[in-house]
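Here is data_9.tsv, consisting of TSV, C-alpha atoms and all ligand atoms:
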```tsv
chain	number	residue	atom	x	y	z
A	1	MET	CA	0.00	0.00	0.00
A	2	GLY	CA	1.07	3.64	-0.17
A	3	GLY	CA	2.27	5.94	-2.92
A	4	PRO	CA	1.91	4.15	-6.24
A	5	ASP	CA	-1.43	2.73	-5.19
A	6	TRP	CA	-2.97	6.16	-5.48
A	7	VAL	CA	-1.73	6.97	-8.96
A	8	TYR	CA	-4.32	7.19	-11.70
A	9	THR	CA	-3.32	6.53	-15.30
A	10	GLU	CA	-3.59	9.30	-17.89
A	11	THR	CA	-6.54	7.48	-19.44
A	12	VAL	CA	-8.39	7.45	-16.13
A	13	LYS	CA	-7.72	11.16	-15.65
A	14	ASP	CA	-8.84	11.92	-19.19
A	15	HIS	CA	-12.12	10.07	-18.75
A	16	PHE	CA	-12.68	11.68	-15.37
A	17	ILE	CA	-12.07	15.20	-16.63
A	18	ASN	CA	-13.89	14.67	-19.95
A	19	PRO	CA	-16.42	11.92	-19.28
A	20	ARG	CA	-18.00	10.59	-22.46
A	21	ASN	CA	-21.69	9.82	-23.03
A	22	ILE	CA	-23.17	11.32	-19.89
A	23	LEU	CA	-26.93	10.95	-19.77
A	24	LYS	CA	-28.30	14.45	-19.45
A	25	ASP	CA	-31.89	14.10	-20.55
A	26	GLU	CA	-33.50	10.71	-20.06
A	27	ALA	CA	-36.66	11.58	-21.99
A	28	GLU	CA	-34.66	12.78	-24.96
A	29	PHE	CA	-32.38	9.74	-25.02
A	30	ASN	CA	-35.39	7.44	-24.92
A	31	ALA	CA	-33.44	4.33	-23.94
A	32	ASP	CA	-34.42	0.85	-25.09
A	33	GLY	CA	-33.25	-0.49	-21.74
A	34	SER	CA	-31.83	0.95	-18.55
A	35	GLY	CA	-30.54	-0.34	-15.24
A	36	THR	CA	-29.57	1.13	-11.89
A	37	VAL	CA	-27.25	-0.42	-9.31
A	38	GLY	CA	-25.52	0.79	-6.18
A	39	SER	CA	-27.18	3.01	-3.66
A	40	MET	CA	-27.65	6.67	-3.01
A	41	ALA	CA	-26.82	5.98	0.62
A	42	CYS	CA	-23.30	4.94	-0.36
A	43	GLY	CA	-23.13	7.84	-2.79
A	44	ASP	CA	-22.37	5.62	-5.74
A	45	GLU	CA	-25.65	4.98	-7.51
A	46	MET	CA	-25.12	4.24	-11.18
A	47	LEU	CA	-27.55	4.31	-14.08
A	48	VAL	CA	-26.70	2.86	-17.48
A	49	ALA	CA	-29.04	3.29	-20.46
A	50	ILE	CA	-28.68	1.61	-23.84
A	51	LYS	CA	-30.11	1.75	-27.33
A	52	VAL	CA	-30.24	-1.52	-29.22
A	53	GLU	CA	-30.62	-2.38	-32.90
A	54	ASN	CA	-30.53	-5.95	-34.20
A	55	ASP	CA	-29.13	-7.10	-30.86
A	56	VAL	CA	-26.21	-4.70	-31.13
A	57	ILE	CA	-25.68	-1.95	-28.55
A	58	ILE	CA	-25.61	1.16	-30.72
A	59	ASP	CA	-25.56	3.76	-27.97
A	60	CYS	CA	-24.83	3.84	-24.25
A	61	LYS	CA	-25.26	6.69	-21.81
A	62	TRP	CA	-24.89	6.77	-18.06
A	63	LYS	CA	-24.91	8.86	-14.93
A	64	THR	CA	-23.50	8.33	-11.49
A	65	TYR	CA	-23.01	10.01	-8.18
A	66	GLY	CA	-19.87	7.98	-7.71
A	67	CYS	CA	-16.21	8.75	-7.27
A	68	ALA	CA	-13.56	9.57	-9.85
A	69	SER	CA	-12.92	5.90	-10.60
A	70	ALA	CA	-16.61	5.16	-11.09
A	71	ILE	CA	-16.91	8.09	-13.48
A	72	ALA	CA	-13.80	7.17	-15.46
A	73	SER	CA	-14.64	3.46	-15.65
A	74	THR	CA	-18.22	3.98	-16.76
A	75	SER	CA	-17.18	6.58	-19.27
A	76	MET	CA	-14.72	4.08	-20.74
A	77	LEU	CA	-17.35	1.33	-20.69
A	78	SER	CA	-19.82	3.54	-22.55
A	79	VAL	CA	-17.25	4.03	-25.31
A	80	PHE	CA	-16.08	0.47	-25.87
A	81	VAL	CA	-19.47	-1.18	-25.49
A	82	LYS	CA	-20.82	0.53	-28.60
A	83	GLY	CA	-20.98	-1.90	-31.49
A	84	MET	CA	-20.93	-4.93	-29.21
A	85	SER	CA	-23.65	-7.53	-29.38
A	86	LEU	CA	-25.88	-7.96	-26.34
A	87	ALA	CA	-24.09	-11.24	-25.62
A	88	GLU	CA	-20.67	-9.58	-25.67
A	89	GLY	CA	-21.86	-6.68	-23.54
A	90	TYR	CA	-23.27	-9.07	-20.99
A	91	LYS	CA	-19.89	-10.74	-20.57
A	92	ILE	CA	-17.90	-7.59	-19.79
A	93	THR	CA	-16.10	-7.95	-16.48
A	94	PRO	CA	-14.67	-5.33	-14.14
A	95	ALA	CA	-11.22	-6.49	-15.22
A	96	ASP	CA	-12.08	-5.73	-18.88
A	97	ILE	CA	-12.94	-2.18	-17.89
A	98	THR	CA	-9.85	-1.60	-15.79
A	99	ASP	CA	-7.67	-3.11	-18.54
A	100	GLN	CA	-8.98	-0.51	-20.95
A	101	LEU	CA	-8.19	2.19	-18.42
A	102	GLY	CA	-4.68	0.90	-17.88
A	103	GLY	CA	-5.57	-0.13	-14.34
A	104	LEU	CA	-7.15	1.47	-11.29
A	105	PRO	CA	-5.81	1.82	-7.78
A	106	ASN	CA	-6.59	-1.45	-6.00
A	107	HIS	CA	-8.86	-0.01	-3.36
A	108	LYS	CA	-10.92	1.63	-6.11
A	109	PHE	CA	-11.53	-1.60	-7.97
A	110	HIS	CA	-15.07	-2.15	-6.74
A	111	CYS	CA	-16.21	1.12	-8.30
A	112	SER	CA	-15.81	-0.30	-11.78
A	113	VAL	CA	-17.99	-3.27	-10.88
A	114	LEU	CA	-20.97	-0.96	-10.89
A	115	GLY	CA	-20.67	-0.16	-14.59
A	116	ASP	CA	-20.71	-3.74	-15.84
A	117	ARG	CA	-23.52	-4.67	-13.47
A	118	ALA	CA	-25.61	-1.69	-14.47
A	119	LEU	CA	-25.06	-2.66	-18.10
A	120	ARG	CA	-26.25	-6.22	-17.46
A	121	THR	CA	-29.31	-4.84	-15.68
A	122	ALA	CA	-29.98	-2.58	-18.68
A	123	ILE	CA	-29.73	-5.55	-21.06
A	124	ASP	CA	-32.09	-7.55	-18.80
A	125	ASP	CA	-34.47	-4.60	-18.87
A	126	TYR	CA	-34.28	-4.36	-22.66
A	127	LEU	CA	-35.12	-8.04	-23.18
A	128	GLU	CA	-37.93	-7.85	-20.66
A	129	LYS	CA	-39.44	-4.81	-22.37
A	130	GLN	CA	-39.27	-6.68	-25.67
A	131	GLY	CA	-41.06	-9.59	-24.06
A	132	ARG	CA	-38.15	-11.85	-24.98
A	133	ASP	CA	-36.52	-14.68	-23.07
A	134	ASN	CA	-33.24	-13.75	-21.45
A	135	PRO	CA	-30.60	-16.21	-22.69
A	136	PHE	CA	-27.81	-14.56	-20.70
A	137	LYS	CA	-29.11	-14.40	-17.17
A	138	GLY	CA	-27.63	-17.14	-15.08
A	139	ASN	CA	-25.12	-18.12	-17.76
A	140	THR	CA	-22.31	-16.04	-16.39
A	141	ALA	CA	-22.13	-17.79	-13.05
A	142	VAL	CA	-18.73	-18.83	-11.72
A	143	ILE	CA	-18.34	-21.57	-9.13
A	144	ILE	CA	-16.93	-20.12	-5.92
A	145	CYS	CA	-17.28	-23.13	-3.63
A	146	GLU	CA	-16.28	-26.30	-5.45
A	147	CYS	CA	-17.22	-28.64	-2.60
A	148	LYS	CA	-20.83	-27.46	-2.51
A	149	GLU	CA	-21.04	-26.10	-6.06
A	150	VAL	CA	-22.13	-22.65	-5.00
A	151	THR	CA	-21.72	-19.93	-7.64
A	152	ASP	CA	-21.27	-16.17	-7.44
A	153	GLN	CA	-24.80	-15.91	-8.84
A	154	ASP	CA	-26.14	-18.00	-5.93
A	155	ILE	CA	-24.46	-15.65	-3.47
A	156	GLU	CA	-25.82	-12.64	-5.33
A	157	ASP	CA	-29.34	-14.08	-5.27
A	158	GLN	CA	-29.13	-14.76	-1.53
A	159	VAL	CA	-28.02	-11.19	-0.82
A	160	LYS	CA	-30.87	-9.87	-2.97
A	161	ARG	CA	-33.18	-11.91	-0.75
A	162	GLY	CA	-31.83	-10.34	2.41
A	163	VAL	CA	-28.84	-12.46	3.45
A	164	SER	CA	-26.03	-10.27	4.69
A	165	THR	CA	-23.66	-12.34	6.86
A	166	TYR	CA	-21.41	-15.30	6.12
A	167	GLU	CA	-23.29	-17.40	8.67
A	168	GLU	CA	-26.66	-16.70	7.06
A	169	LEU	CA	-25.21	-17.53	3.67
A	170	GLN	CA	-23.87	-20.84	5.01
A	171	GLU	CA	-27.26	-21.72	6.41
A	172	LYS	CA	-28.85	-21.24	2.99
A	173	THR	CA	-26.18	-22.67	0.71
A	174	GLU	CA	-23.75	-24.70	2.85
A	175	ILE	CA	-20.98	-22.70	1.23
A	176	GLY	CA	-17.56	-23.25	2.79
A	177	THR	CA	-18.73	-26.07	5.03
A	178	VAL	CA	-16.33	-28.70	3.66
A	179	CYS	CA	-12.73	-27.66	3.00
A	180	GLY	CA	-13.29	-23.97	3.67
A	181	LYS	CA	-10.81	-22.73	1.08
A	182	CYS	CA	-13.52	-20.67	-0.60
A	183	LYS	CA	-14.11	-18.50	2.45
A	184	GLU	CA	-11.95	-15.55	1.53
A	185	LYS	CA	-13.45	-15.20	-1.95
A	186	THR	CA	-16.94	-15.63	-0.50
A	187	LEU	CA	-16.42	-12.86	2.03
A	188	GLU	CA	-15.17	-10.57	-0.73
A	189	LEU	CA	-18.26	-11.22	-2.85
A	190	LEU	CA	-20.55	-10.91	0.13
A	191	HIS	CA	-19.10	-7.49	0.84
A	192	GLU	CA	-19.51	-6.52	-2.78
A	193	TYR	CA	-23.12	-7.67	-3.07
A	194	ASN	CA	-24.07	-6.17	0.27
A	195	HIS	CA	-22.72	-2.93	-1.04
A	196	LEU	CA	-24.73	-3.24	-4.25
A	197	TYR	CA	-28.01	-4.57	-2.95
A	198	GLY	CA	-27.94	-4.15	0.81
A	199	SER	CA	-29.88	-0.92	0.80
A	200	HIS	CA	-32.76	-2.48	-1.13
A	201	SER	CA	-33.75	-4.56	1.86
A	202	HIS	CA	-34.38	-1.63	4.16
A	301	LIG	S1	-14.49	-25.04	-1.81
A	301	LIG	FE1	-16.02	-24.34	-0.47
A	301	LIG	S2	-15.94	-25.75	1.18
A	301	LIG	FE2	-14.49	-26.49	-0.20
```

So, in terms of structure tokens, how does the structure I just supplied come out?
Ligand code: FES
Amino acid sequence: MGGPDWVYTETVKDHFINPRNILKDEAEFNADGSGTVGSMACGDEMLVAIKVENDVIIDCKWKTYGCASAIASTSMLSVFVKGMSLAEGYKITPADITDQLGGLPNHKFHCSVLGDRALRTAIDDYLEKQGRDNPFKGNTAVIICECKEVTDQDIEDQVKRGVSTYEELQEKTEIGTVCGKCKEKTLELLHEYNHLYGSHSH
């Protein structure tokens, strides 16, 4: 930790100072799908809105009350997502975004998670509005606990349903009850999802 950890790349600074594709007028943009994640309470609510043609994302705008990293990462996302298919957009990970930015300070990493999640929520919203089946939802799950075959998606679902502690999660999923080597990763995700969805339960 210390000095170099706080350094932002030139690309991050550029996107922070000149953010691209900010959503100024929702009515005018008339999105085909939009999604919000994060919480006002944490000061990092994020809205991503997309326009879609032939299953290709042709436009993407966003707004956030988040920090510099959230602004820079979502700005970057809004640029490189254009021209991607819905399937490609759905697969974007936080690491993809930070790669494009040339990295983010470690402690700021979770900020970029909001952009890709908000995008997935916007794609979900688009498909729902079209009355179409969602072929992506559930297909991006990664197994976190091999012994009990619990995925990140399972953890996310539990948090959405009100689980907030490791013990509660274990009760529901038996995660980490065999070898226990998944605990650290689980706690990380739990923290992340609590941050994203925790406020919705109050
Ligand atoms: S990997 Fe989760 S208990 Fe073994």

Rank A:Cys60, A:Val150, A:Val37, A:Val48 by their smallest atom-to-atom distance to ligand LIG 301 (chain A), using only C-alpha atoms and all ligand atoms, and report the top residue only.
A:Val150

From the list A:Lys129, A:Arg20, A:Lys172, A:Lys137, which residue is nearest A:Gln153 when using only C-alpha atoms?
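Counting only C-alpha atoms, the residue closest to A:Gln153 is A:Lys137.
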
Could you tell me how far atom S2 of ligand LIG 301 (chain A) lies from atom CA of A:Thr177, in Å and to one decimal?
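Going from atom S2 of ligand LIG 301 (chain A) over to atom CA of A:Thr177 covers 4.8 Å.
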
Taking all atoms listed in the file into account, which residues have an atom no farther than 12 Å from ligand LIG 301 (chain A)? I'd like them as a PDB file with C-alpha atoms, in the frame of the given file.
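So the final result, stored in selection.pdb, reads:
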```pdb
ATOM      1  CA  ILE A 143     -18.340 -21.570  -9.130  1.00  0.00           C
ATOM      2  CA  ILE A 144     -16.930 -20.120  -5.920  1.00  0.00           C
ATOM      3  CA  CYS A 145     -17.280 -23.130  -3.630  1.00  0.00           C
ATOM      4  CA  GLU A 146     -16.280 -26.300  -5.450  1.00  0.00           C
ATOM      5  CA  CYS A 147     -17.220 -28.640  -2.600  1.00  0.00           C
ATOM      6  CA  LYS A 148     -20.830 -27.460  -2.510  1.00  0.00           C
ATOM      7  CA  GLU A 149     -21.040 -26.100  -6.060  1.00  0.00           C
ATOM      8  CA  VAL A 150     -22.130 -22.650  -5.000  1.00  0.00           C
ATOM      9  CA  THR A 151     -21.720 -19.930  -7.640  1.00  0.00           C
ATOM     10  CA  ASP A 152     -21.270 -16.170  -7.440  1.00  0.00           C
ATOM     11  CA  GLN A 170     -23.870 -20.840   5.010  1.00  0.00           C
ATOM     12  CA  THR A 173     -26.180 -22.670   0.710  1.00  0.00           C
ATOM     13  CA  GLU A 174     -23.750 -24.700   2.850  1.00  0.00           C
ATOM     14  CA  ILE A 175     -20.980 -22.700   1.230  1.00  0.00           C
ATOM     15  CA  GLY A 176     -17.560 -23.250   2.790  1.00  0.00           C
ATOM     16  CA  THR A 177     -18.730 -26.070   5.030  1.00  0.00           C
ATOM     17  CA  VAL A 178     -16.330 -28.700   3.660  1.00  0.00           C
ATOM     18  CA  CYS A 179     -12.730 -27.660   3.000  1.00  0.00           C
ATOM     19  CA  GLY A 180     -13.290 -23.970   3.670  1.00  0.00           C
ATOM     20  CA  LYS A 181     -10.810 -22.730   1.080  1.00  0.00           C
ATOM     21  CA  CYS A 182     -13.520 -20.670  -0.600  1.00  0.00           C
ATOM     22  CA  LYS A 183     -14.110 -18.500   2.450  1.00  0.00           C
ATOM     23  CA  GLU A 184     -11.950 -15.550   1.530  1.00  0.00           C
ATOM     24  CA  LYS A 185     -13.450 -15.200  -1.950  1.00  0.00           C
ATOM     25  CA  THR A 186     -16.940 -15.630  -0.500  1.00  0.00           C
ATOM     26  CA  LEU A 187     -16.420 -12.860   2.030  1.00  0.00           C
TER      27      LEU A 187
END
```

Two-atom distance - atom CA of A:Ser69, atom CA of A:Thr93 (Å):
15.4 Å

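Atom to atom, atom CA of A:Lys61 and atom CA of A:Ser34 stand 9.3 Å apart.
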
Skipping near chain neighbours, those fewer than 6 positions away, what residues fall within 7 Å of A:Thr64 using only C-alpha atoms, listed as a PyMOL selection string?
chain A and resi 44-47+71

What lies within 12 Å of A:Gln100 using all atoms listed in the file, ignoring chain neighbours under 4 positions off, as a PyMOL selection string?
chain A and resi 9-12+15+72-81+92-96+104+112
